[in-house]
$ cat work-v7.cif   # mmCIF, C-alpha atoms
data_my_file
#
loop_
_atom_site.label_atom_id
_atom_site.label_comp_id
_atom_site.auth_asym_id
_atom_site.auth_seq_id
_atom_site.Cartn_x
_atom_site.Cartn_y
_atom_site.Cartn_z
CA MET A 1 75.86 111.31 90.22
CA ASN A 2 75.44 114.71 91.84
CA SER A 3 74.54 115.50 95.43
CA ASN A 4 74.74 118.58 97.58
CA LEU A 5 78.29 118.23 98.92
CA ILE A 6 79.87 115.89 96.37
CA GLN A 7 79.69 116.10 92.59
CA LEU A 8 80.72 113.20 90.37
CA GLU A 9 80.99 113.25 86.60
CA VAL A 10 82.12 110.44 84.32
CA VAL A 11 83.35 111.13 80.78
CA ASP A 12 84.98 108.47 78.61
CA GLY A 13 85.60 106.21 81.59
CA ILE A 14 87.32 108.89 83.70
CA ALA A 15 85.47 109.91 86.85
CA THR A 16 86.00 113.41 88.23
CA LEU A 17 84.87 113.95 91.81
CA TRP A 18 84.53 117.47 93.20
CA LEU A 19 84.41 118.22 96.90
CA ASN A 20 81.62 120.79 96.79
CA ARG A 21 81.63 122.96 99.89
CA PRO A 22 83.56 125.96 98.56
CA GLU A 23 82.28 128.41 101.18
CA LYS A 24 84.10 126.28 103.80
CA ARG A 25 87.12 125.53 101.59
CA ASN A 26 85.68 122.01 101.30
CA ALA A 27 86.18 121.16 104.97
CA MET A 28 84.93 117.60 105.52
CA SER A 29 81.70 117.52 107.53
CA ASP A 30 79.95 114.30 108.59
CA ASP A 31 77.30 114.75 105.89
CA MET A 32 79.97 115.39 103.28
CA ARG A 33 81.83 112.25 104.34
CA THR A 34 78.66 110.18 103.93
CA GLU A 35 78.28 111.42 100.36
CA PHE A 36 82.01 110.98 99.72
CA ILE A 37 81.86 107.34 100.82
CA ALA A 38 78.90 106.69 98.52
CA ALA A 39 80.69 108.28 95.57
CA LEU A 40 83.92 106.34 96.18
CA GLU A 41 82.01 103.07 96.43
CA HIS A 42 80.23 103.89 93.18
CA VAL A 43 83.52 104.56 91.37
CA THR A 44 85.12 101.45 92.85
CA TYR A 45 82.42 99.04 91.69
CA ASP A 46 81.46 100.60 88.35
CA LYS A 47 83.43 98.58 85.78
CA ASN A 48 82.93 101.28 83.16
CA ILE A 49 85.05 103.71 85.22
CA ARG A 50 88.79 103.26 84.65
CA ALA A 51 90.26 106.03 86.82
CA LEU A 52 89.39 108.79 89.29
CA VAL A 53 90.37 112.45 89.52
CA LEU A 54 89.67 114.11 92.88
CA THR A 55 89.58 117.90 93.22
CA GLY A 56 87.81 120.72 95.07
CA ARG A 57 85.38 123.42 94.04
CA GLY A 58 86.34 127.02 94.69
CA LYS A 59 89.66 128.22 96.08
CA GLY A 60 90.52 125.26 98.31
CA PHE A 61 91.14 121.57 97.80
CA CYS A 62 90.11 120.56 101.33
CA ALA A 63 90.60 122.53 104.55
CA GLY A 64 90.56 119.35 106.64
CA GLY A 65 88.00 118.34 109.23
CA ASP A 66 85.03 120.56 109.98
CA VAL A 67 85.76 122.64 113.10
CA ALA A 68 82.04 122.89 113.88
CA GLY A 69 82.02 119.12 114.15
CA MET A 70 84.94 119.30 116.57
CA GLU A 71 82.95 121.71 118.73
CA ARG A 72 79.96 119.37 118.82
CA ARG A 73 82.19 116.48 119.90
CA MET A 74 83.56 118.52 122.80
CA GLN A 75 80.03 119.34 123.95
CA ALA A 76 79.05 115.68 124.26
CA PRO A 77 78.79 114.17 127.76
CA ALA A 78 82.23 113.24 129.09
CA GLY A 79 81.38 109.55 129.14
CA GLU A 80 80.53 109.57 125.43
CA VAL A 81 83.46 111.56 124.02
CA GLY A 82 85.82 108.60 123.73
CA PHE A 83 83.41 106.23 122.00
CA ASN A 84 82.05 108.98 119.75
CA GLY A 85 85.61 109.76 118.71
CA TRP A 86 86.36 106.10 118.05
CA SER A 87 83.21 105.77 115.94
CA ARG A 88 84.14 108.82 113.91
CA GLN A 89 87.64 107.46 113.34
CA GLN A 90 86.18 104.26 111.89
CA ARG A 91 84.36 106.33 109.26
CA VAL A 92 87.42 108.45 108.52
CA HIS A 93 89.59 105.38 108.05
CA HIS A 94 86.95 103.66 105.94
CA THR A 95 86.84 106.69 103.65
CA GLN A 96 90.61 106.92 103.31
CA SER A 97 90.90 103.18 102.77
CA LEU A 98 88.34 103.28 99.96
CA LEU A 99 90.42 105.93 98.22
CA HIS A 100 93.80 104.31 98.90
CA THR A 101 92.81 100.77 97.90
CA MET A 102 90.59 101.66 94.94
CA PRO A 103 91.59 99.14 92.25
CA LYS A 104 92.00 101.90 89.67
CA PRO A 105 94.46 104.80 89.22
CA THR A 106 93.56 107.83 91.34
CA ILE A 107 94.87 111.38 90.92
CA ALA A 108 94.41 114.30 93.30
CA ALA A 109 94.19 117.60 91.41
CA VAL A 110 95.07 120.02 94.21
CA ASN A 111 93.67 123.42 93.29
CA GLY A 112 94.31 125.24 96.58
CA ALA A 113 95.06 124.61 100.23
CA ALA A 114 95.16 120.95 101.31
CA SER A 115 95.25 121.11 105.10
CA GLY A 116 95.17 118.40 107.73
CA LEU A 117 92.75 115.75 106.55
CA GLY A 118 92.79 117.45 103.14
CA ALA A 119 96.53 116.85 102.79
CA ASP A 120 96.07 113.23 103.91
CA THR A 121 93.27 112.78 101.37
CA ALA A 122 95.51 113.99 98.55
CA LEU A 123 98.21 111.55 99.67
CA ALA A 124 95.71 108.69 99.69
CA CYS A 125 95.60 109.02 95.91
CA ASP A 126 98.19 107.35 93.69
CA PHE A 127 99.39 110.63 92.18
CA ILE A 128 99.16 114.36 92.90
CA ILE A 129 99.09 117.18 90.38
CA ALA A 130 98.85 120.71 91.75
CA SER A 131 98.41 124.29 90.59
CA GLY A 132 100.41 127.31 91.75
CA ALA A 133 97.68 128.05 94.30
CA ALA A 134 98.20 124.70 96.01
CA SER A 135 99.74 124.26 99.42
CA PHE A 136 100.01 121.38 101.86
CA THR A 137 100.04 121.46 105.63
CA TRP A 138 99.72 118.74 108.23
CA SER A 139 98.17 121.22 110.64
CA TYR A 140 96.83 118.75 113.19
CA ILE A 141 99.38 119.85 115.79
CA HIS A 142 97.70 123.28 115.87
CA ARG A 143 94.51 121.59 117.12
CA GLY A 144 96.33 119.39 119.62
CA ILE A 145 95.76 116.18 117.65
CA ILE A 146 97.70 113.82 115.39
CA PRO A 147 97.16 113.02 111.69
CA ASP A 148 94.17 110.68 111.48
CA GLY A 149 93.62 110.47 107.72
CA GLY A 150 96.58 108.26 106.94
CA GLY A 151 99.25 110.98 106.94
CA MET A 152 101.48 109.07 109.34
CA TYR A 153 101.46 106.20 106.84
CA PHE A 154 101.48 108.02 103.50
CA LEU A 155 103.78 110.97 104.20
CA PRO A 156 106.92 109.03 105.27
CA ARG A 157 106.61 106.96 102.11
CA ARG A 158 106.80 110.09 100.00
CA VAL A 159 109.34 112.22 101.86
CA GLY A 160 111.15 109.92 104.30
CA LEU A 161 110.69 109.50 108.03
CA ALA A 162 112.69 112.48 109.32
CA ARG A 163 111.07 114.95 106.92
CA ALA A 164 107.61 113.57 107.70
CA LYS A 165 108.25 114.11 111.41
CA GLU A 166 109.38 117.69 110.73
CA LEU A 167 106.26 118.50 108.71
CA ILE A 168 103.88 116.86 111.20
CA PHE A 169 105.56 118.22 114.35
CA SER A 170 105.72 121.79 113.00
CA GLY A 171 102.46 121.87 111.05
CA ARG A 172 104.10 124.34 108.67
CA LYS A 173 102.83 125.14 105.19
CA VAL A 174 104.51 123.62 102.13
CA GLU A 175 104.08 125.64 98.95
CA LEU A 176 104.01 124.05 95.48
CA GLU A 177 107.68 124.25 94.51
CA GLU A 178 108.84 122.75 97.80
CA ALA A 179 106.14 120.09 97.52
CA LEU A 180 107.55 119.12 94.13
CA ARG A 181 111.11 119.01 95.48
CA LEU A 182 110.12 116.87 98.44
CA GLY A 183 108.02 114.49 96.37
CA ILE A 184 104.70 115.43 97.97
CA ALA A 185 103.38 116.52 94.56
CA ASP A 186 104.29 114.76 91.31
CA ARG A 187 103.39 117.33 88.67
CA LYS A 188 102.33 120.95 88.42
CA SER A 189 99.78 122.60 86.17
CA ASP A 190 98.23 125.98 85.47
CA ALA A 191 95.08 126.62 87.46
CA ASP A 192 92.94 126.90 84.33
CA SER A 193 94.04 123.52 82.97
CA LEU A 194 94.55 121.62 86.24
CA VAL A 195 91.51 119.34 86.06
CA ALA A 196 91.87 118.76 82.32
CA ASP A 197 95.55 117.87 82.78
CA ALA A 198 94.64 115.49 85.60
CA GLN A 199 91.96 113.87 83.44
CA ARG A 200 94.43 113.36 80.57
CA TRP A 201 96.95 111.86 82.99
CA ALA A 202 94.27 109.58 84.41
CA ALA A 203 93.41 108.42 80.89
CA GLU A 204 97.08 107.62 80.25
CA MET A 205 97.44 105.71 83.51
CA SER A 206 94.33 103.62 82.86
CA LYS A 207 94.91 102.55 79.26
CA GLY A 208 96.30 99.17 80.28
CA SER A 209 94.57 96.02 81.47
CA ALA A 210 92.15 96.80 84.29
CA THR A 211 92.94 93.39 85.77
CA ALA A 212 96.69 93.98 85.80
CA LEU A 213 96.27 97.52 87.15
CA ALA A 214 94.06 96.39 90.02
CA LEU A 215 96.25 93.46 91.04
CA GLY A 216 99.49 95.41 90.62
CA LYS A 217 98.24 98.32 92.72
CA THR A 218 97.07 95.99 95.48
CA ILE A 219 100.54 94.46 95.76
CA LEU A 220 102.47 97.71 95.36
CA ASN A 221 100.49 99.26 98.21
CA GLN A 222 101.92 96.60 100.54
CA THR A 223 105.53 96.41 99.39
CA PHE A 224 106.94 98.58 102.19
CA GLU A 225 105.48 96.23 104.79
CA LEU A 226 106.01 92.81 103.21
CA PRO A 227 109.25 90.84 102.87
CA ALA A 228 110.39 90.13 99.31
CA GLN A 229 109.24 86.51 99.38
CA GLN A 230 105.67 87.53 100.19
CA VAL A 231 105.68 90.10 97.41
CA PHE A 232 106.93 87.39 95.04
CA ALA A 233 104.23 85.00 96.27
CA GLN A 234 101.44 87.54 95.84
CA GLY A 235 102.87 88.41 92.43
CA SER A 236 102.76 84.77 91.37
CA GLN A 237 99.13 84.46 92.37
CA ALA A 238 98.23 87.71 90.64
CA GLN A 239 100.08 86.70 87.49
CA GLY A 240 98.13 83.46 87.40
CA ILE A 241 94.94 85.52 87.35
CA CYS A 242 96.36 87.81 84.65
CA TYR A 243 97.12 84.77 82.46
CA THR A 244 93.40 83.96 82.40
CA SER A 245 92.22 87.52 81.71
CA THR A 246 90.54 88.61 78.50
CA GLU A 247 92.99 91.51 78.19
CA HIS A 248 96.03 89.21 78.26
CA ARG A 249 94.57 86.76 75.75
CA GLU A 250 93.52 89.50 73.32
CA SER A 251 96.90 91.21 73.58
CA VAL A 252 98.87 88.02 72.91
CA MET A 253 96.63 86.98 70.02
CA ALA A 254 96.88 90.45 68.46
CA PHE A 255 100.67 90.37 68.76
CA LEU A 256 100.89 86.89 67.20
CA SER A 257 98.54 87.87 64.39
CA LYS A 258 100.63 90.93 63.59
CA SER A 259 103.83 88.90 63.72
CA ASN A 260 102.44 86.26 61.37
CA THR A 261 101.30 88.97 58.96
CA ARG A 262 104.84 90.37 58.84
CA LYS A 263 106.30 86.94 58.18
CA GLU A 264 103.87 86.33 55.32
CA SER A 265 104.67 89.73 53.79
CA ALA A 266 108.38 88.99 53.95
CA GLN A 267 108.03 85.71 52.05
#

$ encode --input "work-v7.cif" --output "structure tokens"
Amino acid sequence: MNSNLIQLEVVDGIATLWLNRPEKRNAMSDDMRTEFIAALEHVTYDKNIRALVLTGRGKGFCAGGDVAGMERRMQAPAGEVGFNGWSRQQRVHHTQSLLHTMPKPTIAAVNGAASGLGADTALACDFIIASGAASFTWSYIHRGIIPDGGGMYFLPRRVGLARAKELIFSGRKVELEEALRLGIADRKSDADSLVADAQRWAAEMSKGSATALALGKTILNQTFELPAQQVFAQGSQAQGICYTSTEHRESVMAFLSKSNTRKESAQ
């Protein structure tokens, strides 16, 4: 699945999605977002895809929102600015939600600057691996706006509330080593092997039962908001589904068969 602004490749069940606007450091335009949504929906619903790696072509991961688009919004009639902005936010949040709630492991392979919406998009993934060229900045404050790609939700969960406020209020750049110390990034890699390392990690994270992974991720994504009893209740329901899954039955039967073989050999 290849289009002008998004490129998607699937090899051995691992999807790799490239943001493909390198001349603009992969800044997210409206057209690019449309293609991004289509690609994320494809990965979500294709049962042959087990995991997703997200990265950027060229020197940047994603420079955030397209400034040209911001200019066009400001040129709209005054009475339309508010509703146009609201409509755009619905698409932004839909995109980020597709990535965050995807029922499969997702890994951001950050190959360069992840700024504003780009930093939020990396955080919407389950894991982040980054090269030495990577940096993160919640630069919204420099444009007189607040994080709108989920950063106010994702960032405190990785670095704590006070540190998230400091990074968002200042809009300062976080280089790789600090990102690792703060927990923004999980692993580092050489630039030449970044995508390959992310793909291997994605393969490792997706070896298990697709049913258990999807249900477990759905519950884990809510555990900061839900009381323990609701987490237990959702876990009970999910476990009931897991009990009926093909993966669970095959695993148990294989274990019992192996155990019986050992017993027979010992006799």

$ closest_residue --input "work-v7.cif" --among "A:His248, A:Arg57, A:Arg157, A:Arg143" --to "Ala27 of chain A" --atoms "only C-alpha atoms"
A:Arg57

$ residues_around --input "work-v7.cif" --residues "segment 59-66 of chain A" --least-positions-apart "2" --cutoff "9 Å" --atoms "only C-alpha atoms" --output "VMD selection string"
chain A and resid 19 21 to 30 55 to 57 68 to 70 109 to 122 133 to 134 139

$ write_last_selection --input "work-v7.cif" --atoms "C-alpha atoms" --output "tab-separated table (two decimals), keeping the file's coordinate frame"
chain	number	residue	atom	x	y	z
A	19	LEU	CA	84.41	118.22	96.90
A	21	ARG	CA	81.63	122.96	99.89
A	22	PRO	CA	83.56	125.96	98.56
A	23	GLU	CA	82.28	128.41	101.18
A	24	LYS	CA	84.10	126.28	103.80
A	25	ARG	CA	87.12	125.53	101.59
A	26	ASN	CA	85.68	122.01	101.30
A	27	ALA	CA	86.18	121.16	104.97
A	28	MET	CA	84.93	117.60	105.52
A	29	SER	CA	81.70	117.52	107.53
A	30	ASP	CA	79.95	114.30	108.59
A	55	THR	CA	89.58	117.90	93.22
A	56	GLY	CA	87.81	120.72	95.07
A	57	ARG	CA	85.38	123.42	94.04
A	68	ALA	CA	82.04	122.89	113.88
A	69	GLY	CA	82.02	119.12	114.15
A	70	MET	CA	84.94	119.30	116.57
A	109	ALA	CA	94.19	117.60	91.41
A	110	VAL	CA	95.07	120.02	94.21
A	111	ASN	CA	93.67	123.42	93.29
A	112	GLY	CA	94.31	125.24	96.58
A	113	ALA	CA	95.06	124.61	100.23
A	114	ALA	CA	95.16	120.95	101.31
A	115	SER	CA	95.25	121.11	105.10
A	116	GLY	CA	95.17	118.40	107.73
A	117	LEU	CA	92.75	115.75	106.55
A	118	GLY	CA	92.79	117.45	103.14
A	119	ALA	CA	96.53	116.85	102.79
A	120	ASP	CA	96.07	113.23	103.91
A	121	THR	CA	93.27	112.78	101.37
A	122	ALA	CA	95.51	113.99	98.55
A	133	ALA	CA	97.68	128.05	94.30
A	134	ALA	CA	98.20	124.70	96.01
A	139	SER	CA	98.17	121.22	110.64

$ closest_residue --input "work-v7.cif" --among "A:Thr223, A:Ser193, A:Gln199, A:Gln96" --to "Cys125 of chain A" --atoms "all atoms listed in the file"
A:Gln96

$ atom_distance --input "work-v7.cif" --atom1 "atom CA of Ile37 of chain A" --atom2 "atom CA of His93 of chain A"
10.8 Å

$ resolve_selection --input "work-v7.cif" --expression "the PyMOL selection byres ((chain A and resi 95) around 12)" --output "JSON, numbers by chain"
{"A": [28, 30, 32, 33, 34, 35, 36, 37, 38, 39, 40, 41, 88, 89, 90, 91, 92, 93, 94, 96, 97, 98, 99, 100, 101, 102, 117, 120, 121, 124, 125, 148, 149, 150]}

$ atom_distance --input "work-v7.cif" --atom1 "atom CA of Trp18 of chain A" --atom2 "atom CA of Asp31 of chain A"
14.9 Å

$ residues_around --input "work-v7.cif" --residues "Ala108 of chain A" --least-positions-apart "4" --cutoff "8 Å" --atoms "all atoms listed in the file" --output "list of chain:residue names"
A:Val53, A:Leu54, A:Thr55, A:Ala122, A:Leu123, A:Cys125, A:Asp126, A:Phe127, A:Ile128, A:Ile129, A:Ala130, A:Ala198

$ closest_residue --input "work-v7.cif" --among "A:Arg50, A:Ala212, A:Ser257, A:Met205" --to "Thr244 of chain A" --atoms "all atoms listed in the file"
A:Ala212

$ residues_around --input "work-v7.cif" --residues "Asp190 of chain A" --least-positions-apart "4" --cutoff "8 Å" --atoms "all atoms listed in the file" --output "list in words"
Ser131, Gly132 and Leu194 of chain A

$ write_last_selection --input "work-v7.cif" --atoms "C-alpha atoms" --output "CSV table (one decimal), in the coordinates of the input"
chain,number,residue,atom,x,y,z
A,131,SER,CA,98.4,124.3,90.6
A,132,GLY,CA,100.4,127.3,91.8
A,194,LEU,CA,94.6,121.6,86.2

$ closest_residue --input "work-v7.cif" --among "A:Lys173, A:Lys188, A:Ser209, A:Thr261" --to "Cys242 of chain A" --atoms "all atoms listed in the file"
A:Ser209

$ residues_near_point --input "work-v7.cif" --point "(105.9, 107.4, 100.8)" --cutoff "12 Å" --atoms "all atoms listed in the file" --output "PDB file with C-alpha atoms, in the frame of the given file"
ATOM      1  CA  ASP A 120      96.070 113.230 103.910  1.00  0.00           C
ATOM      2  CA  LEU A 123      98.210 111.550  99.670  1.00  0.00           C
ATOM      3  CA  ALA A 124      95.710 108.690  99.690  1.00  0.00           C
ATOM      4  CA  CYS A 125      95.600 109.020  95.910  1.00  0.00           C
ATOM      5  CA  ASP A 126      98.190 107.350  93.690  1.00  0.00           C
ATOM      6  CA  PHE A 127      99.390 110.630  92.180  1.00  0.00           C
ATOM      7  CA  GLY A 150      96.580 108.260 106.940  1.00  0.00           C
ATOM      8  CA  GLY A 151      99.250 110.980 106.940  1.00  0.00           C
ATOM      9  CA  MET A 152     101.480 109.070 109.340  1.00  0.00           C
ATOM     10  CA  TYR A 153     101.460 106.200 106.840  1.00  0.00           C
ATOM     11  CA  PHE A 154     101.480 108.020 103.500  1.00  0.00           C
ATOM     12  CA  LEU A 155     103.780 110.970 104.200  1.00  0.00           C
ATOM     13  CA  PRO A 156     106.920 109.030 105.270  1.00  0.00           C
ATOM     14  CA  ARG A 157     106.610 106.960 102.110  1.00  0.00           C
ATOM     15  CA  ARG A 158     106.800 110.090 100.000  1.00  0.00           C
ATOM     16  CA  VAL A 159     109.340 112.220 101.860  1.00  0.00           C
ATOM     17  CA  GLY A 160     111.150 109.920 104.300  1.00  0.00           C
ATOM     18  CA  LEU A 161     110.690 109.500 108.030  1.00  0.00           C
ATOM     19  CA  ARG A 163     111.070 114.950 106.920  1.00  0.00           C
ATOM     20  CA  ALA A 164     107.610 113.570 107.700  1.00  0.00           C
ATOM     21  CA  LEU A 182     110.120 116.870  98.440  1.00  0.00           C
ATOM     22  CA  GLY A 183     108.020 114.490  96.370  1.00  0.00           C
ATOM     23  CA  ILE A 184     104.700 115.430  97.970  1.00  0.00           C
ATOM     24  CA  ALA A 185     103.380 116.520  94.560  1.00  0.00           C
ATOM     25  CA  LEU A 220     102.470  97.710  95.360  1.00  0.00           C
ATOM     26  CA  ASN A 221     100.490  99.260  98.210  1.00  0.00           C
ATOM     27  CA  GLN A 222     101.920  96.600 100.540  1.00  0.00           C
ATOM     28  CA  THR A 223     105.530  96.410  99.390  1.00  0.00           C
ATOM     29  CA  PHE A 224     106.940  98.580 102.190  1.00  0.00           C
ATOM     30  CA  GLU A 225     105.480  96.230 104.790  1.00  0.00           C
TER      31      GLU A 225
END

$ residues_around --input "work-v7.cif" --residues "Asn48 of chain A" --least-positions-apart "5" --cutoff "9 Å" --atoms "only C-alpha atoms" --output "list in words"
Asp12, Gly13, Ile14 and Val43 of chain A

$ decode --input "work-v7.cif" --residues "segment 147-169 of chain A" --atoms "N, CA and C atoms" --output "CSV table (one decimal), in the first residue's frame"
chain,number,residue,atom,x,y,z
A,147,PRO,N,-0.7,21.5,23.3
A,147,PRO,CA,-0.6,20.2,22.6
A,147,PRO,C,-2.0,19.6,22.2
A,148,ASP,N,-2.2,19.3,21.0
A,148,ASP,CA,-3.5,18.8,20.5
A,148,ASP,C,-3.5,17.4,20.0
A,149,GLY,N,-2.3,16.7,20.1
A,149,GLY,CA,-2.2,15.4,19.5
A,149,GLY,C,-2.1,14.3,20.6
A,150,GLY,N,-2.6,14.7,21.8
A,150,GLY,CA,-2.6,13.7,22.9
A,150,GLY,C,-1.4,13.9,23.9
A,151,GLY,N,-0.6,14.9,23.6
A,151,GLY,CA,0.6,15.1,24.5
A,151,GLY,C,0.3,15.3,25.9
A,152,MET,N,-0.9,16.0,26.2
A,152,MET,CA,-1.2,16.3,27.6
A,152,MET,C,-1.7,15.1,28.3
A,153,TYR,N,-2.1,14.0,27.5
A,153,TYR,CA,-2.4,12.7,28.1
A,153,TYR,C,-1.3,11.8,28.2
A,154,PHE,N,-0.5,11.7,27.1
A,154,PHE,CA,0.6,10.7,27.0
A,154,PHE,C,1.8,11.1,27.8
A,155,LEU,N,2.2,12.4,27.7
A,155,LEU,CA,3.5,12.8,28.3
A,155,LEU,C,3.5,12.6,29.8
A,156,PRO,N,2.5,13.1,30.5
A,156,PRO,CA,2.6,12.8,32.0
A,156,PRO,C,2.6,11.4,32.4
A,157,ARG,N,2.1,10.5,31.6
A,157,ARG,CA,2.2,9.1,31.9
A,157,ARG,C,3.6,8.5,31.7
A,158,ARG,N,4.4,9.2,30.9
A,158,ARG,CA,5.8,8.7,30.7
A,158,ARG,C,6.7,9.4,31.7
A,159,VAL,N,6.5,10.7,32.0
A,159,VAL,CA,7.6,11.4,32.7
A,159,VAL,C,7.1,12.0,34.0
A,160,GLY,N,5.8,11.9,34.3
A,160,GLY,CA,5.2,12.5,35.5
A,160,GLY,C,4.7,13.9,35.2
A,161,LEU,N,3.8,14.4,36.1
A,161,LEU,CA,3.0,15.6,35.8
A,161,LEU,C,3.9,16.8,35.8
A,162,ALA,N,4.8,17.0,36.8
A,162,ALA,CA,5.6,18.2,36.9
A,162,ALA,C,6.6,18.3,35.7
A,163,ARG,N,7.2,17.2,35.3
A,163,ARG,CA,8.1,17.2,34.2
A,163,ARG,C,7.4,17.5,32.9
A,164,ALA,N,6.2,16.9,32.7
A,164,ALA,CA,5.4,17.2,31.5
A,164,ALA,C,5.1,18.6,31.4
A,165,LYS,N,4.7,19.3,32.5
A,165,LYS,CA,4.4,20.7,32.5
A,165,LYS,C,5.6,21.5,32.1
A,166,GLU,N,6.8,21.1,32.6
A,166,GLU,CA,8.0,21.8,32.3
A,166,GLU,C,8.3,21.7,30.8
A,167,LEU,N,8.2,20.6,30.2
A,167,LEU,CA,8.5,20.4,28.8
A,167,LEU,C,7.5,21.1,27.9
A,168,ILE,N,6.2,21.1,28.3
A,168,ILE,CA,5.1,21.7,27.5
A,168,ILE,C,5.2,23.2,27.7
A,169,PHE,N,5.4,23.7,28.9
A,169,PHE,CA,5.4,25.2,29.1
A,169,PHE,C,6.6,25.8,28.5
